[in-house]
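With mmCIF, C-alpha atoms inside, this is upload_23.cif:
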```cif
data_structure
loop_
_atom_site.group_PDB
_atom_site.id
_atom_site.type_symbol
_atom_site.label_atom_id
_atom_site.label_comp_id
_atom_site.auth_asym_id
_atom_site.auth_seq_id
_atom_site.Cartn_x
_atom_site.Cartn_y
_atom_site.Cartn_z
ATOM 1 C CA MET A 1 -58.857 -34.208 5.100
ATOM 2 C CA ASN A 2 -61.536 -31.558 5.776
ATOM 3 C CA ALA A 3 -63.770 -29.807 3.200
ATOM 4 C CA GLN A 4 -61.409 -26.855 2.798
ATOM 5 C CA GLN A 5 -58.451 -29.149 2.180
ATOM 6 C CA ASP A 6 -60.514 -31.153 -0.319
ATOM 7 C CA LYS A 7 -61.379 -27.955 -2.197
ATOM 8 C CA ALA A 8 -57.756 -26.801 -2.215
ATOM 9 C CA ALA A 9 -56.554 -30.166 -3.482
ATOM 10 C CA LEU A 10 -59.053 -30.085 -6.365
ATOM 11 C CA ALA A 11 -58.389 -26.449 -7.345
ATOM 12 C CA PRO A 12 -56.778 -26.066 -10.787
ATOM 13 C CA ILE A 13 -53.118 -25.139 -10.856
ATOM 14 C CA PRO A 14 -52.725 -21.579 -12.231
ATOM 15 C CA ALA A 15 -51.420 -21.598 -15.797
ATOM 16 C CA SER A 16 -47.776 -20.631 -16.097
ATOM 17 C CA TRP A 17 -47.007 -17.637 -18.304
ATOM 18 C CA TYR A 18 -43.551 -19.103 -18.998
ATOM 19 C CA GLU A 19 -44.968 -22.437 -20.190
ATOM 20 C CA SER A 20 -47.780 -20.992 -22.327
ATOM 21 C CA SER A 21 -47.991 -20.197 -26.028
ATOM 22 C CA ALA A 22 -48.413 -16.662 -27.362
ATOM 23 C CA ARG A 23 -52.117 -17.168 -28.077
ATOM 24 C CA LYS A 24 -52.759 -18.665 -24.673
ATOM 25 C CA ARG A 25 -51.067 -15.665 -23.033
ATOM 26 C CA VAL A 26 -53.241 -13.265 -25.016
ATOM 27 C CA THR A 27 -56.531 -14.980 -24.232
ATOM 28 C CA GLY A 28 -55.528 -15.575 -20.614
ATOM 29 C CA LEU A 29 -54.558 -11.939 -20.102
ATOM 30 C CA LEU A 30 -57.580 -10.270 -21.706
ATOM 31 C CA ASP A 31 -61.217 -10.385 -20.655
ATOM 32 C CA GLU A 32 -62.703 -13.717 -21.634
ATOM 33 C CA GLY A 33 -63.929 -13.876 -25.216
ATOM 34 C CA SER A 34 -62.862 -10.315 -26.058
ATOM 35 C CA PHE A 35 -59.829 -10.965 -28.266
ATOM 36 C CA ILE A 36 -60.142 -10.187 -31.977
ATOM 37 C CA GLU A 37 -57.084 -11.156 -34.012
ATOM 38 C CA PHE A 38 -55.782 -9.162 -36.952
ATOM 39 C CA LEU A 39 -54.203 -11.191 -39.773
ATOM 40 C CA GLY A 40 -55.141 -14.466 -38.144
ATOM 41 C CA PRO A 41 -54.192 -17.992 -39.261
ATOM 42 C CA GLU A 42 -56.443 -17.831 -42.306
ATOM 43 C CA ALA A 43 -54.497 -14.822 -43.669
ATOM 44 C CA ARG A 44 -51.321 -16.914 -43.948
ATOM 45 C CA ALA A 45 -49.025 -13.912 -43.348
ATOM 46 C CA VAL A 46 -45.754 -15.825 -43.651
ATOM 47 C CA SER A 47 -42.126 -14.951 -44.246
ATOM 48 C CA PRO A 48 -41.091 -14.839 -47.918
ATOM 49 C CA HIS A 49 -37.434 -15.423 -46.990
ATOM 50 C CA LEU A 50 -37.383 -18.722 -45.105
ATOM 51 C CA PRO A 51 -38.009 -21.066 -48.092
ATOM 52 C CA LEU A 52 -34.647 -19.959 -49.449
ATOM 53 C CA PHE A 53 -33.079 -21.702 -46.446
ATOM 54 C CA ASP A 54 -35.414 -24.722 -46.528
ATOM 55 C CA LEU A 55 -36.836 -23.577 -43.197
ATOM 56 C CA PRO A 56 -40.478 -24.092 -42.206
ATOM 57 C CA GLN A 57 -42.850 -21.149 -42.301
ATOM 58 C CA GLN A 58 -45.489 -20.529 -39.643
ATOM 59 C CA PHE A 59 -48.942 -19.244 -40.519
ATOM 60 C CA ASP A 60 -48.578 -16.110 -38.356
ATOM 61 C CA ASP A 61 -44.768 -15.725 -38.598
ATOM 62 C CA GLY A 62 -44.548 -15.982 -34.824
ATOM 63 C CA MET A 63 -46.455 -12.759 -34.092
ATOM 64 C CA VAL A 64 -50.031 -12.530 -32.818
ATOM 65 C CA VAL A 65 -51.668 -9.086 -33.055
ATOM 66 C CA GLY A 66 -55.164 -7.847 -32.340
ATOM 67 C CA LYS A 67 -57.421 -6.015 -29.923
ATOM 68 C CA GLY A 68 -59.463 -6.877 -26.876
ATOM 69 C CA LEU A 69 -60.638 -5.721 -23.482
ATOM 70 C CA LEU A 70 -58.765 -5.519 -20.195
ATOM 71 C CA GLU A 71 -61.132 -4.932 -17.281
ATOM 72 C CA GLY A 72 -63.653 -3.732 -19.846
ATOM 73 C CA LYS A 73 -61.324 -1.186 -21.451
ATOM 74 C CA PRO A 74 -60.020 -1.554 -25.029
ATOM 75 C CA VAL A 75 -56.370 -2.396 -25.650
ATOM 76 C CA PHE A 76 -54.254 -3.348 -28.637
ATOM 77 C CA ILE A 77 -52.123 -6.396 -27.982
ATOM 78 C CA ALA A 78 -49.173 -8.159 -29.616
ATOM 79 C CA ALA A 79 -47.542 -11.421 -28.540
ATOM 80 C CA GLN A 80 -44.388 -13.082 -29.816
ATOM 81 C CA GLU A 81 -44.323 -16.870 -30.133
ATOM 82 C CA GLY A 82 -41.057 -17.932 -28.535
ATOM 83 C CA ARG A 83 -41.612 -21.535 -29.635
ATOM 84 C CA TYR A 84 -41.216 -20.563 -33.290
ATOM 85 C CA MET A 85 -37.607 -19.712 -34.170
ATOM 86 C CA GLY A 86 -37.105 -18.417 -30.646
ATOM 87 C CA GLY A 87 -39.513 -15.538 -31.295
ATOM 88 C CA ALA A 88 -36.987 -14.073 -33.732
ATOM 89 C CA VAL A 89 -38.034 -10.901 -35.561
ATOM 90 C CA GLY A 90 -38.247 -10.998 -39.350
ATOM 91 C CA GLU A 91 -39.869 -8.790 -41.965
ATOM 92 C CA VAL A 92 -43.469 -9.979 -41.618
ATOM 93 C CA HIS A 93 -43.208 -10.507 -37.844
ATOM 94 C CA GLY A 94 -41.991 -6.927 -37.450
ATOM 95 C CA ALA A 95 -44.455 -5.425 -39.920
ATOM 96 C CA LYS A 96 -47.400 -6.813 -37.945
ATOM 97 C CA LEU A 97 -46.198 -5.170 -34.734
ATOM 98 C CA THR A 98 -45.306 -1.910 -36.506
ATOM 99 C CA GLY A 99 -48.759 -1.761 -38.088
ATOM 100 C CA LEU A 100 -50.435 -2.309 -34.723
ATOM 101 C CA LEU A 101 -48.402 0.480 -33.116
ATOM 102 C CA ARG A 102 -49.156 2.872 -35.959
ATOM 103 C CA ALA A 103 -52.858 2.143 -35.625
ATOM 104 C CA ALA A 104 -52.606 2.930 -31.911
ATOM 105 C CA ARG A 105 -50.747 6.167 -32.719
ATOM 106 C CA ASP A 106 -53.411 7.255 -35.206
ATOM 107 C CA LEU A 107 -56.263 6.425 -32.847
ATOM 108 C CA GLY A 108 -54.489 8.047 -29.901
ATOM 109 C CA THR A 109 -56.674 6.631 -27.131
ATOM 110 C CA VAL A 110 -56.052 2.870 -26.955
ATOM 111 C CA PRO A 111 -52.957 1.584 -25.108
ATOM 112 C CA VAL A 112 -50.727 -1.209 -26.404
ATOM 113 C CA LEU A 113 -49.530 -4.322 -24.600
ATOM 114 C CA ILE A 114 -46.497 -6.140 -26.042
ATOM 115 C CA LEU A 115 -45.907 -9.667 -24.769
ATOM 116 C CA PHE A 116 -42.199 -10.153 -25.455
ATOM 117 C CA ASP A 117 -40.657 -13.584 -26.048
ATOM 118 C CA THR A 118 -37.738 -13.227 -28.432
ATOM 119 C CA GLY A 119 -34.080 -13.964 -28.950
ATOM 120 C CA GLY A 120 -33.721 -10.947 -31.245
ATOM 121 C CA VAL A 121 -33.410 -10.552 -35.009
ATOM 122 C CA ARG A 122 -33.990 -13.526 -37.302
ATOM 123 C CA LEU A 123 -30.516 -13.932 -38.762
ATOM 124 C CA GLN A 124 -31.793 -15.593 -41.940
ATOM 125 C CA GLU A 125 -33.594 -12.357 -42.821
ATOM 126 C CA ALA A 126 -30.538 -10.176 -42.123
ATOM 127 C CA ASN A 127 -31.201 -6.562 -43.109
ATOM 128 C CA ALA A 128 -34.969 -7.094 -43.317
ATOM 129 C CA GLY A 129 -34.958 -8.131 -39.664
ATOM 130 C CA GLU A 130 -32.732 -5.237 -38.618
ATOM 131 C CA LEU A 131 -34.981 -2.767 -40.449
ATOM 132 C CA ALA A 132 -38.012 -4.305 -38.753
ATOM 133 C CA ILE A 133 -36.485 -3.611 -35.331
ATOM 134 C CA ALA A 134 -35.779 0.016 -36.292
ATOM 135 C CA GLU A 135 -39.330 0.479 -37.597
ATOM 136 C CA ILE A 136 -40.844 -0.995 -34.426
ATOM 137 C CA MET A 137 -38.734 1.256 -32.196
ATOM 138 C CA ARG A 138 -39.806 4.322 -34.169
ATOM 139 C CA ALA A 139 -43.429 3.202 -34.013
ATOM 140 C CA VAL A 140 -43.234 2.769 -30.220
ATOM 141 C CA VAL A 141 -41.816 6.267 -29.805
ATOM 142 C CA ASP A 142 -44.407 7.769 -32.182
ATOM 143 C CA ALA A 143 -47.240 6.069 -30.270
ATOM 144 C CA ARG A 144 -45.930 7.363 -26.950
ATOM 145 C CA LEU A 145 -45.543 10.879 -28.339
ATOM 146 C CA ALA A 146 -49.207 10.666 -29.349
ATOM 147 C CA GLY A 147 -50.076 9.936 -25.709
ATOM 148 C CA VAL A 148 -50.481 6.163 -26.062
ATOM 149 C CA PRO A 149 -49.012 4.018 -23.239
ATOM 150 C CA VAL A 150 -46.988 1.056 -24.523
ATOM 151 C CA ILE A 151 -46.488 -1.586 -21.836
ATOM 152 C CA GLY A 152 -44.097 -4.529 -22.210
ATOM 153 C CA LEU A 153 -44.626 -7.853 -20.408
ATOM 154 C CA ILE A 154 -41.635 -10.223 -20.209
ATOM 155 C CA GLY A 155 -41.713 -13.755 -18.870
ATOM 156 C CA GLY A 156 -41.371 -16.198 -21.760
ATOM 157 C CA ARG A 157 -38.953 -18.994 -22.568
ATOM 158 C CA SER A 158 -36.828 -16.962 -24.977
ATOM 159 C CA GLY A 159 -36.602 -13.893 -22.749
ATOM 160 C CA CYS A 160 -36.200 -10.491 -24.382
ATOM 161 C CA TYR A 161 -32.874 -10.292 -26.180
ATOM 162 C CA GLY A 162 -31.188 -8.454 -29.032
ATOM 163 C CA GLY A 163 -33.480 -6.075 -30.880
ATOM 164 C CA GLY A 164 -36.278 -7.144 -28.553
ATOM 165 C CA GLY A 165 -34.307 -5.683 -25.646
ATOM 166 C CA LEU A 166 -33.975 -2.402 -27.555
ATOM 167 C CA ILE A 167 -37.710 -2.267 -28.250
ATOM 168 C CA ALA A 168 -38.465 -3.017 -24.599
ATOM 169 C CA GLY A 169 -36.266 -0.095 -23.590
ATOM 170 C CA CYS A 170 -38.495 2.231 -25.638
ATOM 171 C CA CYS A 171 -41.716 1.177 -23.856
ATOM 172 C CA SER A 172 -43.554 3.335 -21.340
ATOM 173 C CA ALA A 173 -43.074 0.666 -18.666
ATOM 174 C CA LEU A 174 -42.020 -2.964 -18.313
ATOM 175 C CA ALA A 175 -43.167 -5.856 -16.145
ATOM 176 C CA VAL A 176 -40.974 -8.916 -15.724
ATOM 177 C CA SER A 177 -41.335 -12.225 -13.925
ATOM 178 C CA GLU A 178 -38.535 -14.225 -12.339
ATOM 179 C CA SER A 179 -38.362 -16.288 -15.539
ATOM 180 C CA GLY A 180 -38.067 -13.204 -17.726
ATOM 181 C CA ARG A 181 -34.662 -12.088 -18.958
ATOM 182 C CA ILE A 182 -33.728 -8.778 -20.550
ATOM 183 C CA SER A 183 -30.472 -8.078 -22.359
ATOM 184 C CA VAL A 184 -29.263 -6.778 -25.694
ATOM 185 C CA SER A 185 -26.644 -9.534 -26.004
ATOM 186 C CA GLY A 186 -27.453 -13.088 -24.986
ATOM 187 C CA PRO A 187 -25.118 -15.293 -22.904
ATOM 188 C CA GLU A 188 -23.759 -17.221 -25.899
ATOM 189 C CA VAL A 189 -23.172 -14.032 -27.876
ATOM 190 C CA ILE A 190 -21.164 -12.493 -25.047
ATOM 191 C CA GLU A 191 -19.099 -15.638 -24.581
ATOM 192 C CA THR A 192 -18.421 -15.955 -28.313
ATOM 193 C CA ASN A 193 -17.254 -12.368 -28.648
ATOM 194 C CA ARG A 194 -15.515 -11.796 -25.313
ATOM 195 C CA GLY A 195 -14.499 -15.263 -24.193
ATOM 196 C CA ILE A 196 -15.602 -17.609 -21.431
ATOM 197 C CA GLU A 197 -13.525 -15.643 -18.925
ATOM 198 C CA GLU A 198 -15.815 -12.668 -19.514
ATOM 199 C CA PHE A 199 -19.075 -14.613 -19.373
ATOM 200 C CA ASP A 200 -19.629 -18.356 -19.062
ATOM 201 C CA SER A 201 -22.935 -19.036 -20.838
ATOM 202 C CA SER A 202 -23.116 -22.527 -19.276
ATOM 203 C CA ASP A 203 -23.197 -21.001 -15.777
ATOM 204 C CA ARG A 204 -26.966 -20.811 -15.405
ATOM 205 C CA PRO A 205 -26.975 -19.088 -11.994
ATOM 206 C CA LEU A 206 -24.705 -16.400 -13.499
ATOM 207 C CA VAL A 207 -27.051 -15.954 -16.473
ATOM 208 C CA TRP A 208 -30.165 -15.649 -14.336
ATOM 209 C CA ARG A 209 -28.715 -13.308 -11.743
ATOM 210 C CA THR A 210 -27.254 -11.077 -14.481
ATOM 211 C CA MET A 211 -30.185 -10.957 -16.888
ATOM 212 C CA GLY A 212 -33.112 -12.409 -14.942
ATOM 213 C CA GLY A 213 -36.231 -10.718 -13.676
ATOM 214 C CA LYS A 214 -35.147 -10.211 -10.086
ATOM 215 C CA HIS A 215 -31.968 -8.405 -11.046
ATOM 216 C CA ARG A 216 -33.666 -6.288 -13.710
ATOM 217 C CA ARG A 217 -36.281 -5.228 -11.176
ATOM 218 C CA LEU A 218 -33.726 -4.290 -8.518
ATOM 219 C CA LEU A 219 -31.545 -2.486 -11.045
ATOM 220 C CA GLY A 220 -34.508 -0.502 -12.350
ATOM 221 C CA GLY A 221 -34.637 -2.039 -15.826
ATOM 222 C CA ALA A 222 -38.201 -3.180 -15.111
ATOM 223 C CA ASP A 223 -40.928 -1.186 -13.389
ATOM 224 C CA ALA A 224 -42.798 -4.103 -11.853
ATOM 225 C CA TYR A 225 -42.290 -7.723 -10.865
ATOM 226 C CA ALA A 226 -45.084 -10.152 -11.740
ATOM 227 C CA ASP A 227 -45.918 -13.639 -10.592
ATOM 228 C CA ASP A 228 -45.625 -16.319 -13.300
ATOM 229 C CA THR A 229 -49.400 -16.538 -13.805
ATOM 230 C CA PHE A 230 -51.965 -14.915 -16.065
ATOM 231 C CA SER A 231 -53.566 -13.168 -13.113
ATOM 232 C CA GLY A 232 -50.173 -11.936 -11.944
ATOM 233 C CA PHE A 233 -49.365 -10.348 -15.294
ATOM 234 C CA ARG A 234 -52.928 -9.057 -15.686
ATOM 235 C CA GLN A 235 -52.920 -7.169 -12.390
ATOM 236 C CA THR A 236 -49.422 -5.857 -13.029
ATOM 237 C CA ALA A 237 -50.381 -4.632 -16.511
ATOM 238 C CA LEU A 238 -53.380 -2.796 -15.083
ATOM 239 C CA ARG A 239 -51.194 -1.030 -12.513
ATOM 240 C CA LEU A 240 -48.647 0.041 -15.116
ATOM 241 C CA LEU A 241 -51.327 1.287 -17.500
ATOM 242 C CA ALA A 242 -52.788 3.424 -14.723
ATOM 243 C CA LYS A 243 -49.512 5.284 -14.128
ATOM 244 C CA ALA A 244 -47.663 5.148 -17.479
ATOM 245 C CA PRO A 245 -45.745 8.434 -17.879
ATOM 246 C CA PRO A 246 -46.027 10.602 -21.005
ATOM 247 C CA LEU A 247 -42.984 10.882 -23.241
ATOM 248 C CA ASP A 248 -41.401 14.330 -23.279
ATOM 249 C CA ALA A 249 -37.989 15.978 -22.957
ATOM 250 C CA SER A 250 -38.042 15.873 -19.159
ATOM 251 C CA VAL A 251 -38.436 12.075 -19.185
ATOM 252 C CA LEU A 252 -35.384 11.737 -21.434
ATOM 253 C CA GLN A 253 -33.367 14.141 -19.272
ATOM 254 C CA ASN A 254 -34.308 12.237 -16.139
ATOM 255 C CA GLU A 255 -33.412 8.938 -17.775
ATOM 256 C CA GLN A 256 -29.977 10.280 -18.690
ATOM 257 C CA ALA A 257 -29.444 11.459 -15.118
ATOM 258 C CA ARG A 258 -30.441 8.046 -13.901
ATOM 259 C CA LEU A 259 -27.935 6.305 -16.154
ATOM 260 C CA GLU A 260 -25.173 8.602 -14.933
ATOM 261 C CA ASP A 261 -26.078 7.830 -11.322
ATOM 262 C CA ARG A 262 -26.098 4.118 -12.100
ATOM 263 C CA LEU A 263 -22.565 4.277 -13.491
ATOM 264 C CA THR A 264 -21.363 6.149 -10.434
ATOM 265 C CA GLN A 265 -22.991 3.742 -7.998
ATOM 266 C CA PHE A 266 -22.414 0.415 -9.732
ATOM 267 C CA GLY A 267 -19.582 0.999 -12.207
ATOM 268 C CA ALA A 268 -17.030 -0.925 -10.138
ATOM 269 C CA CYS A 269 -19.333 -3.912 -9.493
ATOM 270 C CA ALA A 270 -18.158 -7.154 -11.094
ATOM 271 C CA ASP A 271 -21.272 -9.237 -10.427
ATOM 272 C CA ALA A 272 -24.979 -8.751 -9.803
ATOM 273 C CA ARG A 273 -24.425 -9.755 -6.176
ATOM 274 C CA ASP A 274 -22.098 -6.760 -5.788
ATOM 275 C CA ILE A 275 -24.896 -4.509 -7.074
ATOM 276 C CA TRP A 276 -27.393 -6.040 -4.656
ATOM 277 C CA ALA A 277 -24.955 -5.419 -1.827
ATOM 278 C CA ALA A 278 -24.497 -1.800 -2.950
ATOM 279 C CA LEU A 279 -28.274 -1.409 -2.967
ATOM 280 C CA GLY A 280 -28.390 -2.639 0.628
ATOM 281 C CA ALA A 281 -29.586 -6.236 0.371
ATOM 282 C CA PRO A 282 -28.964 -7.833 3.792
ATOM 283 C CA VAL A 283 -27.723 -11.154 2.325
ATOM 284 C CA PRO A 284 -27.089 -10.687 -1.415
ATOM 285 C CA ALA A 285 -26.352 -14.369 -2.044
ATOM 286 C CA LYS A 286 -29.909 -15.268 -0.958
ATOM 287 C CA VAL A 287 -31.723 -12.966 -3.420
ATOM 288 C CA PRO A 288 -32.154 -15.665 -6.123
ATOM 289 C CA ASP A 289 -33.807 -17.992 -3.604
ATOM 290 C CA LEU A 290 -36.429 -15.534 -2.350
ATOM 291 C CA ASP A 291 -40.032 -16.454 -3.096
ATOM 292 C CA TYR A 292 -42.410 -14.036 -4.817
ATOM 293 C CA ALA A 293 -43.704 -12.273 -1.692
ATOM 294 C CA GLU A 294 -40.267 -12.044 -0.085
ATOM 295 C CA PHE A 295 -38.744 -10.558 -3.210
ATOM 296 C CA LEU A 296 -41.540 -8.005 -3.629
ATOM 297 C CA GLU A 297 -40.890 -6.771 -0.110
ATOM 298 C CA LEU A 298 -37.153 -6.532 -0.790
ATOM 299 C CA ALA A 299 -37.634 -4.774 -4.139
ATOM 300 C CA ASP A 300 -39.933 -2.185 -2.605
ATOM 301 C CA ARG A 301 -37.179 -1.332 -0.140
ATOM 302 C CA LEU A 302 -34.112 -1.547 -2.373
ATOM 303 C CA GLN A 303 -35.073 -0.678 -5.955
ATOM 304 C CA GLU A 304 -32.952 1.941 -7.650
ATOM 305 C CA ALA A 305 -34.193 5.545 -7.469
ATOM 306 C CA ARG A 306 -36.457 6.286 -10.447
ATOM 307 C CA HIS A 307 -35.955 10.008 -11.119
ATOM 308 C CA ASP A 308 -39.476 9.833 -12.614
ATOM 309 C CA ALA A 309 -38.115 7.757 -15.461
ATOM 310 C CA ARG A 310 -37.576 4.070 -16.177
#
```
Encoding of this model in structure tokens:
Amino acid sequence: MNAQQDKAALAPIPASWYESSARKRVTGLLDEGSFIEFLGPEARAVSPHLPLFDLPQQFDDGMVVGKGLLEGKPVFIAAQEGRYMGGAVGEVHGAKLTGLLRAARDLGTVPVLILFDTGGVRLQEANAGELAIAEIMRAVVDARLAGVPVIGLIGGRSGCYGGGGLIAGCCSALAVSESGRISVSGPEVIETNRGIEEFDSSDRPLVWRTMGGKHRRLLGGADAYADDTFSGFRQTALRLLAKAPPLDASVLQNEQARLEDRLTQFGACADARDIWAALGAPVPAKVPDLDYAEFLELADRLQEARHDAR
């Protein structure tokens, strides 16, 4: 083994975004030592509802919020902890994100990064969780109307489901990794309500090709595809921040036109592979097996037309 091979063998393996905690994602994404947390562990901002169900509280209610630097420029940042109740949104969890977005709106000059990792609303908190989702969505829109880019990053264990999927749809732009999933209804929810004939939640290849990062990127539900590393998400976030569109009537009109085009083009497709074929993928069945570089090349050629809107 030569010196170069020795060096390569001893090089640390890049940390996986998917495998990391919310706090590790935040500190790994931002400039080293720049993160300042709001309502940190010592504040004990916990859910008042969970003791009623004899469920454990977490000191931050599964939401990390604060500010830091990204390539020397200030950003607000929020990260959901998917390891705590699947990143589910409750009253306190949602209030922390809403407060951060409102601060960004009032300041008007500092962008927001949201690191999604959630299964949706915390069912134990019922209406409080649903109201939290509505307040967050309004806060995202208000921040964007004030000229603040709101960028979503998706690549965690819990994906981005339920109300989280709705919030993500309000963002200025989204980045997703192969491990990321985006959907309003999760696999089990679809199966429970529509039957296994409609969607078999135990069919993992079906789940990933329907809701996973590669499909969402090709379909246009995500603006960028990131490698499952801190550096991958960092560089992707920087690119999206540099070109985040303002929110105005023309963006909404273009988005509506895009949805109409999508229905026309893909409305008869029964499976993601049919959509990939309609987009022009040479061998649709091989899309899930493409490595990062191969998929980037394919996505650049086949991604759905943007109409200047996500």
Q: Extract, using all atoms listed in the file, all DNA, RNA and protein residues at most 9 Å from Lys214 (chain A), discarding same-chain residues fewer than 2 positions from it, and format them as a PyMOL selection string.
A: chain A and resi 176-180+208-209+211-212+216-219+225+287-288+295+299
Q. Which polymer residues have any atom within 12 Å of an atom of region 86-88 of chain A, counting all atoms listed in the file, with same-chain residues fewer than 2 positions away left out, as a ChimeraX atom specification?
A. /A:21-22,47,58,60-64,79-84,90-94,115-126,129-130,132-133,156-165
Convert the current residue selection to file output with C-alpha atoms, as a PDB file, keeping the file's coordinate frame.
```
ATOM      1  CA  SER A  21     -47.991 -20.197 -26.028  1.00  0.00           C
ATOM      2  CA  ALA A  22     -48.413 -16.662 -27.362  1.00  0.00           C
ATOM      3  CA  SER A  47     -42.126 -14.951 -44.246  1.00  0.00           C
ATOM      4  CA  GLN A  58     -45.489 -20.529 -39.643  1.00  0.00           C
ATOM      5  CA  ASP A  60     -48.578 -16.110 -38.356  1.00  0.00           C
ATOM      6  CA  ASP A  61     -44.768 -15.725 -38.598  1.00  0.00           C
ATOM      7  CA  GLY A  62     -44.548 -15.982 -34.824  1.00  0.00           C
ATOM      8  CA  MET A  63     -46.455 -12.759 -34.092  1.00  0.00           C
ATOM      9  CA  VAL A  64     -50.031 -12.530 -32.818  1.00  0.00           C
ATOM     10  CA  ALA A  79     -47.542 -11.421 -28.540  1.00  0.00           C
ATOM     11  CA  GLN A  80     -44.388 -13.082 -29.816  1.00  0.00           C
ATOM     12  CA  GLU A  81     -44.323 -16.870 -30.133  1.00  0.00           C
ATOM     13  CA  GLY A  82     -41.057 -17.932 -28.535  1.00  0.00           C
ATOM     14  CA  ARG A  83     -41.612 -21.535 -29.635  1.00  0.00           C
ATOM     15  CA  TYR A  84     -41.216 -20.563 -33.290  1.00  0.00           C
ATOM     16  CA  GLY A  90     -38.247 -10.998 -39.350  1.00  0.00           C
ATOM     17  CA  GLU A  91     -39.869  -8.790 -41.965  1.00  0.00           C
ATOM     18  CA  VAL A  92     -43.469  -9.979 -41.618  1.00  0.00           C
ATOM     19  CA  HIS A  93     -43.208 -10.507 -37.844  1.00  0.00           C
ATOM     20  CA  GLY A  94     -41.991  -6.927 -37.450  1.00  0.00           C
ATOM     21  CA  LEU A 115     -45.907  -9.667 -24.769  1.00  0.00           C
ATOM     22  CA  PHE A 116     -42.199 -10.153 -25.455  1.00  0.00           C
ATOM     23  CA  ASP A 117     -40.657 -13.584 -26.048  1.00  0.00           C
ATOM     24  CA  THR A 118     -37.738 -13.227 -28.432  1.00  0.00           C
ATOM     25  CA  GLY A 119     -34.080 -13.964 -28.950  1.00  0.00           C
ATOM     26  CA  GLY A 120     -33.721 -10.947 -31.245  1.00  0.00           C
ATOM     27  CA  VAL A 121     -33.410 -10.552 -35.009  1.00  0.00           C
ATOM     28  CA  ARG A 122     -33.990 -13.526 -37.302  1.00  0.00           C
ATOM     29  CA  LEU A 123     -30.516 -13.932 -38.762  1.00  0.00           C
ATOM     30  CA  GLN A 124     -31.793 -15.593 -41.940  1.00  0.00           C
ATOM     31  CA  GLU A 125     -33.594 -12.357 -42.821  1.00  0.00           C
ATOM     32  CA  ALA A 126     -30.538 -10.176 -42.123  1.00  0.00           C
ATOM     33  CA  GLY A 129     -34.958  -8.131 -39.664  1.00  0.00           C
ATOM     34  CA  GLU A 130     -32.732  -5.237 -38.618  1.00  0.00           C
ATOM     35  CA  ALA A 132     -38.012  -4.305 -38.753  1.00  0.00           C
ATOM     36  CA  ILE A 133     -36.485  -3.611 -35.331  1.00  0.00           C
ATOM     37  CA  GLY A 156     -41.371 -16.198 -21.760  1.00  0.00           C
ATOM     38  CA  ARG A 157     -38.953 -18.994 -22.568  1.00  0.00           C
ATOM     39  CA  SER A 158     -36.828 -16.962 -24.977  1.00  0.00           C
ATOM     40  CA  GLY A 159     -36.602 -13.893 -22.749  1.00  0.00           C
ATOM     41  CA  CYS A 160     -36.200 -10.491 -24.382  1.00  0.00           C
ATOM     42  CA  TYR A 161     -32.874 -10.292 -26.180  1.00  0.00           C
ATOM     43  CA  GLY A 162     -31.188  -8.454 -29.032  1.00  0.00           C
ATOM     44  CA  GLY A 163     -33.480  -6.075 -30.880  1.00  0.00           C
ATOM     45  CA  GLY A 164     -36.278  -7.144 -28.553  1.00  0.00           C
ATOM     46  CA  GLY A 165     -34.307  -5.683 -25.646  1.00  0.00           C
TER      47      GLY A 165
END
```
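Distance-wise, CA of Asp228 (chain A) and CA of Ile136 (chain A) end up 26.5 Å apart.
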Q: Rank A:Asp223, A:Glu135, A:Asp300, A:Glu198 by their smallest atom-to-atom distance to Ile151 (chain A), using all atoms listed in the file, and report the top residue only.
A: A:Asp223
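Residues lying within 8 Å of Gly280 (chain A), counting only C-alpha atoms and ignoring same-chain neighbours fewer than 3 positions away, are Trp276, Ala277 and Leu302 of chain A.
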Q | Best match for closeness to Arg102 (chain A) among A:Cys269, A:Ala43, A:Val150, A:Val189, counting all atoms listed in the file | A | A:Val150
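Minimum distance to His215 (chain A) across A:Ala173, A:Gly72, A:Lys67, A:Pro284 (counting all atoms listed in the file) occurs at A:Pro284.
From CA of Leu29 (chain A) back to CA of Cys171 (chain A), the distance works out to 18.7 Å.
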Q: Have a look at A:Ala168, A:Ala15, A:Met85, A:Leu247 and name the one nearest to Gly147 (chain A); count all atoms listed in the file.
A: A:Leu247
Q | Separation of CA of Phe76 (chain A) from CA of Ala103 (chain A) in Å | A | 9.0 Å
Q: Would you mind telling me which residue in A:Glu32, A:Glu297, A:Glu71, A:Asp142 lies nearest to Leu101 (chain A) when using all atoms listed in the file?
A: A:Asp142
(Q) Please expand the PyMOL selection byres ((chain A and resi 188) around 12) into the concrete residues it hits in this file, giving the result as an NGL selection string. (A) :A and (119 or 161-162 or 183-187 or 189-196 or 198-204 or 207)
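Shortest separation to Ser34 (chain A) among A:Leu107, A:Leu206, A:Lys73, A:Leu174 occurs at residue A:Lys73, atoms counted being all atoms listed in the file.
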Spell out the residues picked by the PyMOL selection byres ((chain A and resi 170) around 7) here, as an mmCIF file with C-alpha atoms, keeping the file's coordinate frame.
```
data_model
loop_
_atom_site.group_PDB
_atom_site.id
_atom_site.type_symbol
_atom_site.label_atom_id
_atom_site.label_comp_id
_atom_site.auth_asym_id
_atom_site.auth_seq_id
_atom_site.Cartn_x
_atom_site.Cartn_y
_atom_site.Cartn_z
ATOM 1 C CA MET A 137 -38.734 1.256 -32.196
ATOM 2 C CA VAL A 140 -43.234 2.769 -30.220
ATOM 3 C CA VAL A 141 -41.816 6.267 -29.805
ATOM 4 C CA LEU A 166 -33.975 -2.402 -27.555
ATOM 5 C CA ILE A 167 -37.710 -2.267 -28.250
ATOM 6 C CA ALA A 168 -38.465 -3.017 -24.599
ATOM 7 C CA GLY A 169 -36.266 -0.095 -23.590
ATOM 8 C CA CYS A 171 -41.716 1.177 -23.856
ATOM 9 C CA SER A 172 -43.554 3.335 -21.340
#
```
